[in-house]
Amino acid sequence: MSDVLLRVENLRSGYGRIEVLHGISLEVREGELVSIVGANGAGKTTLLLTLSALVRTRAGSTTLDGARLSGLRPHAIVARGLIHVPEGRLILAQMSIEENLQLGAARTPAVQRRAAIDAMYARFPVLGERRALPAGSLSGGEQQMLAIARGLLAKPRLLLLDEPSMGLAPKLVDAIFSIIAEVRASGTAVLLVEQNARKALALADRAYVLERGRITLSGTGGELLHQPAVVEAYLGSHA
Amino acid sequence: MFDQQLANGIFLGAVYALFAVGYTLIFGVLDILNLAHSAIFMASSFVALALVGHGMPFWAAFLAATAFGGVLSVVLDRVAFAPLRARGVGGGALGPLISSIAFGIIVVSVVRGIFGPDEVGYPAGAVVSANLHIGHATFTAIDLSVLVISLLMMIMLSLLLKATSLGRAIRAVAENTKAASLLGIDVERTIGLTFLIAGALGAAAGILIGAQFNAVGILMGQRIELKGLAVIILGGMGSIPGAVLGGFLLGLLEVFSVAYLSSSYRDAIAFAVMFLILIVRPAGLLGKRAARTA
């Protein structure tokens with residue numbers, strides 16, 4: 001259909017002597033939303049951290065738009081447009097909301113930065129109202145909005161989202177998922193890691209199932225949503 | 001008498017504050033105590049003295065030796081801290097502490113080898129010094145310059161941290177290295193620049209104190225090291241305004257205990273007061289370590 005944006009081939013990584021990812025291959029095409037589902041400890045977060053070079057690649061390769069990412073340092077990967085909104089959000093709690101967004105927009109030319117940040121305030125009014133407050137004063141859902149807004153200001157070619165709905169009340173989970181849908185609708189490719197497999201698969205163009213460091217299934221979101229193995233392992237107990 | 005002591009305390013405190021600001025900046029960013037900071041302070045003071053001895057005007061020697069201190073501090077980071085960082089030895093570990101002590105000892109030995117163990121002064125006339133009067137206090141033009149330069153450097157540092165993109169990057173790295181990386185900040189470069197700034201501040205303090213007392217010696221680093229540590233703990237670890245406040249407080253405490261009590265108890269009294277302050281405020285005067293544990 002469309003061009004491949006991110007291509008991951010036989011990726012291996014881990015911590016110390018323990019290998020977590022045993023040769024992962026996957027791809028994300030332009031404008032696509034791809035979900036990765038899997039149990040706790042399957043290696044989902046490690047996969048994203050390896051793509052961002054916070055965990056070292058031991059073997060295999062990653063390319064974005066055909067250019068090699070493996071071997072680059074984390075800030076250089078951000079400069080290529082692979083933007084990672086990490087698990088636990090990692091907002092800078094002591095700095096103001098405005099400063100968090102300034103950091104997100106650091107590579108936007110100074111003349112356009114103000115307008116870009118103001119556009120985010122228009123999109124997330126709750127952030128605009130509190131722009132001068134420390135980011136740590138926001139609620140969990142608001143912090144997730146800030147983390148996503150900060151990521152979007154970095155003008156992602158591909159946005160990596162790690163557990164964006166974690167720890168949020170159901171109503172906020174819906175709000176976060178509709179933000180993700182908007183991001184995809186605006187043409188930005190998204191690689192989404194989620195515990196909430198039902199929602200993640202329902203939203204995804206395509207999805208992969210990760211089990212103990214290996215991809216065991218892949219298909220469109222709809223296909224996986226109705227795969228008996230997936231239903232049993234990841235969707236069964238959820239209402 | 002009081003006016004004079006107040007002035008003396010402020011002049012002494014300004015240098016303590018300038019020294020401590022660089023010290024606490026490194027702690028704030030890396031969570032490590034840089035025990036080589038005092039060696040850079042001392043070595044830069046000798047470099048300024050040597051440059052003046054070769055005929056350079058004091059202001060030019062000040063700038064050159066301040067730059068030297070900044071560069072030496074970057075070398076310190078590359079040699080003593082960066083290799084441990086790359087292996088994942090983080091803040092709070094003893095490894096970086098020991099390697100900073102080692103680097104400091106090497107610097108002290110080299111300086112002793114080049115300049116000898118004796119305390120030396122500036123050549124006559126190299127540092128011009130007129131007497132000035134405000135109220136009942138008499139002081140020299142150098143005292144005043146030390147205060148003004150220290151204050152200017154501290155103001156510039158807070159503006160840099162508050163209002164520039166480098167300052168934002170430094171604060172982001174200080175708060176969370178991983179988050180800073182994911183925001184596209186070159187963490188290693190930011191740490192290097194932090195060492196450059198901290199070293200330059202420490203160097204400036206050393207050069208100024210050497211000119212103020214007209215004495216440059218191998219032991220001056222050791223003499224200020226523990227005081228600097230006390231100042232940043234008193235102010236609140238990692239807090240720049242805390243280091244400034246703590247520096248002035250220690251300067252005043254020392255001067256007043258000599259003036260009104262006894263010079264032999266100077267350090268005892270100053271440090272006893274610090275004890276009391278820490279009992280009331282364990283995180284230091286402006287410390288907010290508790291907020292960072294979350």
# chains A, B, ... in the order shown; residues from 1 in each chain; ligands from 1

$ residues_around --residues "Leu225 of chain A" --least-positions-apart "6" --cutoff "12 Å" --atoms "only C-alpha atoms" --output "NGL selection string"
:A and (35 or 37 or 197-209 or 217-219 or 231-236)

$ interface_residues --of "chain B" --to "chain A" --cutoff "8 Å" --atoms "only C-alpha atoms" --output "PyMOL selection string"
chain B and resi 165+168-169+172+175-176+178-179+181-187

$ residues_around --residues "segment 230-245 of chain B" --least-positions-apart "2" --cutoff "8 Å" --atoms "only C-alpha atoms" --output "NGL selection string"
:B and (14 or 16-18 or 20-21 or 23-29 or 158 or 226-228 or 247-250 or 274 or 277-278 or 283-289)

$ select_by_dssp --residues "segment 137-271 of chain B" --states "alpha helix (DSSP H)" --output "ChimeraX atom specification"
/B:141-163,165-175,177-182,187-213,220-235,240-260,266-271

$ residues_around --residues "Leu84 of chain B" --least-positions-apart "3" --cutoff "12 Å" --atoms "only C-alpha atoms" --output "list in words"
Leu30, Ile32, Asp77, Arg78, Val79, Ala80, Phe81, Arg87, Gly88, Val89, Gly90, Gly91, Ala93, Leu94, Gly95, Pro96, Leu97, Ile98, Ser99 and Ser100 of chain B

$ write_last_selection --atoms "all heavy atoms" --output "short mmCIF file (atom, residue, chain, number, x, y, z; two decimals), in the first residue's frame"
data_model
loop_
_atom_site.label_atom_id
_atom_site.label_comp_id
_atom_site.auth_asym_id
_atom_site.auth_seq_id
_atom_site.Cartn_x
_atom_site.Cartn_y
_atom_site.Cartn_z
N LEU B 30 24.24 16.01 38.44
CA LEU B 30 24.70 14.62 38.41
C LEU B 30 24.49 13.87 39.71
O LEU B 30 24.75 12.67 39.75
CB LEU B 30 26.19 14.58 38.07
CG LEU B 30 26.56 15.04 36.66
CD1 LEU B 30 28.06 14.99 36.47
CD2 LEU B 30 25.88 14.16 35.63
N ILE B 32 26.35 13.99 42.21
CA ILE B 32 27.63 13.54 42.74
C ILE B 32 28.34 14.72 43.39
O ILE B 32 28.17 15.87 42.98
CB ILE B 32 28.58 12.97 41.65
CG1 ILE B 32 28.68 13.94 40.48
CG2 ILE B 32 28.15 11.59 41.21
CD1 ILE B 32 29.71 13.56 39.47
N ASP B 77 35.67 15.94 34.04
CA ASP B 77 34.49 15.15 33.74
C ASP B 77 34.83 13.99 32.82
O ASP B 77 34.44 12.85 33.06
CB ASP B 77 33.40 16.01 33.11
CG ASP B 77 32.20 15.19 32.68
OD1 ASP B 77 31.72 14.39 33.52
OD2 ASP B 77 31.75 15.32 31.53
N ARG B 78 35.60 14.30 31.76
CA ARG B 78 35.95 13.26 30.78
C ARG B 78 36.77 12.14 31.42
O ARG B 78 36.60 10.97 31.10
CB ARG B 78 36.76 13.87 29.62
CG ARG B 78 35.98 14.79 28.70
CD ARG B 78 34.96 14.04 27.88
NE ARG B 78 33.62 14.31 28.38
CZ ARG B 78 32.55 13.57 28.08
NH1 ARG B 78 32.64 12.55 27.30
NH2 ARG B 78 31.38 13.88 28.58
N VAL B 79 37.69 12.52 32.32
CA VAL B 79 38.60 11.53 32.90
C VAL B 79 37.96 10.80 34.07
O VAL B 79 38.04 9.57 34.17
CB VAL B 79 39.90 12.23 33.37
CG1 VAL B 79 40.77 11.25 34.17
CG2 VAL B 79 40.67 12.76 32.18
N ALA B 80 37.32 11.56 34.97
CA ALA B 80 36.91 10.96 36.24
C ALA B 80 35.46 10.50 36.26
O ALA B 80 35.14 9.51 36.92
CB ALA B 80 37.14 11.95 37.38
N PHE B 81 34.58 11.21 35.57
CA PHE B 81 33.16 10.88 35.71
C PHE B 81 32.56 10.17 34.49
O PHE B 81 31.80 9.22 34.63
CB PHE B 81 32.35 12.15 36.00
CG PHE B 81 32.70 12.81 37.30
CD1 PHE B 81 33.11 14.13 37.35
CD2 PHE B 81 32.62 12.10 38.50
CE1 PHE B 81 33.45 14.74 38.55
CE2 PHE B 81 32.95 12.70 39.71
CZ PHE B 81 33.36 14.02 39.74
N ARG B 87 29.44 3.32 32.13
CA ARG B 87 29.24 1.96 32.64
C ARG B 87 28.05 1.88 33.58
O ARG B 87 27.87 0.88 34.27
CB ARG B 87 30.49 1.51 33.39
CG ARG B 87 31.61 1.16 32.44
CD ARG B 87 32.95 1.18 33.14
NE ARG B 87 34.01 1.11 32.16
CZ ARG B 87 34.55 -0.05 31.79
NH1 ARG B 87 34.13 -1.16 32.28
NH2 ARG B 87 35.51 -0.06 30.89
N GLY B 88 27.30 2.95 33.66
CA GLY B 88 26.08 2.90 34.45
C GLY B 88 26.28 3.10 35.94
O GLY B 88 25.41 2.79 36.73
N VAL B 89 27.46 3.61 36.33
CA VAL B 89 27.67 3.94 37.75
C VAL B 89 27.10 5.32 37.99
O VAL B 89 27.66 6.31 37.53
CB VAL B 89 29.16 3.91 38.13
CG1 VAL B 89 29.34 4.20 39.61
CG2 VAL B 89 29.77 2.58 37.78
N GLY B 90 25.97 5.38 38.66
CA GLY B 90 25.24 6.65 38.72
C GLY B 90 25.53 7.47 39.95
O GLY B 90 26.47 7.19 40.70
N GLY B 91 24.70 8.49 40.13
CA GLY B 91 24.82 9.36 41.28
C GLY B 91 24.59 8.56 42.55
O GLY B 91 23.91 7.54 42.56
N ALA B 93 26.63 6.79 44.03
CA ALA B 93 27.64 5.73 44.15
C ALA B 93 28.95 6.34 44.65
O ALA B 93 29.19 7.54 44.50
CB ALA B 93 27.85 5.05 42.82
N LEU B 94 29.81 5.50 45.21
CA LEU B 94 31.06 6.01 45.75
C LEU B 94 32.15 6.11 44.68
O LEU B 94 33.10 6.88 44.84
CB LEU B 94 31.54 5.12 46.90
CG LEU B 94 30.69 5.25 48.17
CD1 LEU B 94 31.13 4.24 49.22
CD2 LEU B 94 30.80 6.67 48.74
N GLY B 95 32.02 5.38 43.60
CA GLY B 95 33.03 5.40 42.55
C GLY B 95 33.37 6.80 42.07
O GLY B 95 34.53 7.23 42.08
N PRO B 96 32.34 7.58 41.63
CA PRO B 96 32.63 8.94 41.14
C PRO B 96 33.27 9.82 42.22
O PRO B 96 34.15 10.65 41.91
CB PRO B 96 31.25 9.48 40.76
CG PRO B 96 30.40 8.28 40.56
CD PRO B 96 30.93 7.22 41.47
N LEU B 97 32.86 9.63 43.46
CA LEU B 97 33.42 10.41 44.57
C LEU B 97 34.92 10.15 44.68
O LEU B 97 35.73 11.08 44.74
CB LEU B 97 32.71 10.01 45.87
CG LEU B 97 33.08 10.83 47.10
CD1 LEU B 97 32.38 12.17 47.07
CD2 LEU B 97 32.69 10.08 48.37
N ILE B 98 35.28 8.88 44.66
CA ILE B 98 36.70 8.51 44.77
C ILE B 98 37.47 9.03 43.55
O ILE B 98 38.58 9.55 43.69
CB ILE B 98 36.85 6.97 44.88
CG1 ILE B 98 36.09 6.44 46.08
CG2 ILE B 98 38.33 6.59 44.95
CD1 ILE B 98 36.52 7.01 47.40
N SER B 99 36.90 8.90 42.37
CA SER B 99 37.70 9.33 41.22
C SER B 99 37.83 10.85 41.19
O SER B 99 38.83 11.36 40.69
CB SER B 99 37.21 8.72 39.91
OG SER B 99 35.93 9.01 39.64
N SER B 100 36.87 11.58 41.76
CA SER B 100 37.07 13.04 41.84
C SER B 100 38.16 13.39 42.85
O SER B 100 38.95 14.30 42.65
CB SER B 100 35.75 13.76 42.17
OG SER B 100 35.40 13.63 43.53
#

$ select_by_dssp --residues "segment 24-213 of chain B" --states "strand (DSSP E)" --output "MDAnalysis selection string"
chainID B and resid 131:134 137:140

$ residues_around --residues "Tyr15 of chain A" --least-positions-apart "5" --cutoff "9 Å" --atoms "only C-alpha atoms" --output "PyMOL selection string"
chain A and resi 20+55-56

$ residues_around --residues "segment 113-120 of chain B" --least-positions-apart "2" --cutoff "10 Å" --atoms "only C-alpha atoms" --output "ChimeraX atom specification"
/B:43,46-47,49-50,107-111,122-123,210,214-220

$ write_last_selection --atoms "all heavy atoms" --output "compact mmCIF listing (two decimals), in the first residue's frame"
# COMPACT_ATOMS: atom_id res chain seq x y z
N ALA B 43 44.24 25.64 41.52
CA ALA B 43 45.13 25.63 40.35
C ALA B 43 44.91 26.89 39.51
O ALA B 43 45.88 27.50 39.02
CB ALA B 43 44.87 24.38 39.50
N PHE B 46 46.69 29.88 40.88
CA PHE B 46 48.11 29.88 40.52
C PHE B 46 48.32 30.30 39.06
O PHE B 46 49.28 31.02 38.74
CB PHE B 46 48.72 28.48 40.74
CG PHE B 46 49.29 28.30 42.12
CD1 PHE B 46 48.60 27.57 43.08
CD2 PHE B 46 50.52 28.86 42.45
CE1 PHE B 46 49.12 27.40 44.35
CE2 PHE B 46 51.05 28.70 43.73
CZ PHE B 46 50.34 27.97 44.68
N VAL B 47 47.43 29.85 38.18
CA VAL B 47 47.57 30.21 36.77
C VAL B 47 47.45 31.72 36.59
O VAL B 47 48.26 32.35 35.89
CB VAL B 47 46.52 29.46 35.91
CG1 VAL B 47 46.46 30.03 34.50
CG2 VAL B 47 46.86 27.97 35.85
N LEU B 49 48.07 34.01 38.85
CA LEU B 49 49.28 34.61 39.43
C LEU B 49 50.46 34.52 38.46
O LEU B 49 51.19 35.50 38.25
CB LEU B 49 49.61 33.89 40.74
CG LEU B 49 50.83 34.41 41.49
CD1 LEU B 49 50.47 35.70 42.23
CD2 LEU B 49 51.32 33.37 42.49
N ALA B 50 50.62 33.35 37.84
CA ALA B 50 51.74 33.15 36.91
C ALA B 50 51.60 34.08 35.70
O ALA B 50 52.59 34.66 35.23
CB ALA B 50 51.78 31.69 36.46
N VAL B 107 45.92 16.98 40.50
CA VAL B 107 46.06 18.41 40.19
C VAL B 107 46.91 19.10 41.25
O VAL B 107 47.82 19.87 40.93
CB VAL B 107 44.67 19.08 40.07
CG1 VAL B 107 44.79 20.59 40.00
CG2 VAL B 107 43.92 18.56 38.85
N VAL B 108 46.62 18.82 42.52
CA VAL B 108 47.39 19.45 43.61
C VAL B 108 48.88 19.09 43.48
O VAL B 108 49.75 19.97 43.60
CB VAL B 108 46.84 19.00 44.99
CG1 VAL B 108 47.78 19.45 46.11
CG2 VAL B 108 45.44 19.57 45.22
N SER B 109 49.17 17.82 43.18
CA SER B 109 50.58 17.41 43.06
C SER B 109 51.27 18.13 41.92
O SER B 109 52.42 18.57 42.05
CB SER B 109 50.67 15.90 42.82
OG SER B 109 49.92 15.21 43.76
N VAL B 110 50.58 18.24 40.78
CA VAL B 110 51.18 18.90 39.63
C VAL B 110 51.45 20.37 39.95
O VAL B 110 52.53 20.90 39.65
CB VAL B 110 50.27 18.76 38.39
CG1 VAL B 110 50.77 19.65 37.25
CG2 VAL B 110 50.22 17.30 37.93
N VAL B 111 50.47 21.02 40.60
CA VAL B 111 50.66 22.44 40.93
C VAL B 111 51.83 22.61 41.90
O VAL B 111 52.66 23.51 41.75
CB VAL B 111 49.36 23.04 41.53
CG1 VAL B 111 49.60 24.44 42.07
CG2 VAL B 111 48.26 23.06 40.48
N TYR B 122 50.88 38.41 44.92
CA TYR B 122 51.02 39.07 43.63
C TYR B 122 52.18 40.06 43.68
O TYR B 122 52.46 40.63 44.74
CB TYR B 122 49.71 39.80 43.27
CG TYR B 122 48.68 38.87 42.68
CD1 TYR B 122 47.80 38.18 43.49
CD2 TYR B 122 48.61 38.68 41.30
CE1 TYR B 122 46.85 37.30 42.95
CE2 TYR B 122 47.68 37.82 40.76
CZ TYR B 122 46.81 37.13 41.58
OH TYR B 122 45.89 36.28 41.03
N PRO B 123 52.88 40.31 42.56
CA PRO B 123 53.94 41.32 42.54
C PRO B 123 53.37 42.69 42.92
O PRO B 123 52.20 42.97 42.63
CB PRO B 123 54.43 41.32 41.10
CG PRO B 123 53.59 40.37 40.33
CD PRO B 123 52.68 39.65 41.26
N GLY B 210 42.49 34.82 45.99
CA GLY B 210 43.94 34.99 45.97
C GLY B 210 44.33 36.46 45.88
O GLY B 210 45.26 36.93 46.55
N ASN B 214 45.83 38.58 48.79
CA ASN B 214 47.17 38.62 48.23
C ASN B 214 47.99 37.43 48.68
O ASN B 214 49.13 37.56 49.12
CB ASN B 214 47.87 39.94 48.58
CG ASN B 214 49.07 40.17 47.66
OD1 ASN B 214 49.13 39.60 46.57
ND2 ASN B 214 50.01 41.00 48.09
N ALA B 215 47.39 36.27 48.60
CA ALA B 215 48.07 35.04 49.00
C ALA B 215 47.52 33.89 48.17
O ALA B 215 46.31 33.66 48.14
CB ALA B 215 47.83 34.76 50.48
N VAL B 216 48.41 33.21 47.47
CA VAL B 216 48.03 32.05 46.68
C VAL B 216 48.87 30.89 47.16
O VAL B 216 50.10 30.98 47.16
CB VAL B 216 48.28 32.31 45.18
CG1 VAL B 216 47.95 31.07 44.36
CG2 VAL B 216 47.44 33.50 44.70
N GLY B 217 48.20 29.82 47.61
CA GLY B 217 48.96 28.70 48.18
C GLY B 217 48.32 27.37 47.87
O GLY B 217 47.12 27.30 47.55
N ILE B 218 49.10 26.35 48.01
CA ILE B 218 48.67 25.01 47.65
C ILE B 218 47.54 24.52 48.57
O ILE B 218 46.73 23.69 48.19
CB ILE B 218 49.90 24.06 47.71
CG1 ILE B 218 49.66 22.83 46.86
CG2 ILE B 218 50.27 23.68 49.12
CD1 ILE B 218 50.06 23.04 45.44
N LEU B 219 47.48 25.08 49.79
CA LEU B 219 46.48 24.61 50.76
C LEU B 219 45.14 25.34 50.67
O LEU B 219 44.20 24.98 51.35
CB LEU B 219 47.03 24.78 52.19
CG LEU B 219 48.23 23.89 52.51
CD1 LEU B 219 48.76 24.21 53.91
CD2 LEU B 219 47.83 22.42 52.42
N MET B 220 45.09 26.37 49.81
CA MET B 220 43.85 27.17 49.80
C MET B 220 42.64 26.33 49.38
O MET B 220 41.52 26.58 49.83
CB MET B 220 44.01 28.42 48.92
CG MET B 220 44.26 28.15 47.46
SD MET B 220 44.74 29.68 46.56
CE MET B 220 43.16 30.48 46.39

$ residues_around --residues "Gly213 of chain A" --least-positions-apart "6" --cutoff "7 Å" --atoms "only C-alpha atoms" --output "PyMOL selection string"
chain A and resi 20-22+42-43

$ write_last_selection --atoms "C-alpha atoms" --output "compact mmCIF listing (two decimals), in the first residue's frame"
# COMPACT_ATOMS: atom_id res chain seq x y z
CA VAL A 20 14.85 -9.71 26.45
CA LEU A 21 14.20 -9.37 22.73
CA HIS A 22 15.17 -12.44 20.73
CA ALA A 42 6.89 -9.67 27.17
CA GLY A 43 9.39 -6.98 26.17

$ closest_residue --among "B:Met1, B:Met153, B:Ile134, B:Ala259" --to "Thr66 of chain B" --atoms "only C-alpha atoms"
B:Met153

$ atom_distance --atom1 "atom CA of Ala48 of chain B" --atom2 "atom CA of Phe62 of chain B"
5.9 Å

$ closest_residue --among "A:Gly187, A:Pro134, A:Gly60, A:Gly16" --to "Lys155 of chain A" --atoms "only C-alpha atoms"
A:Gly187
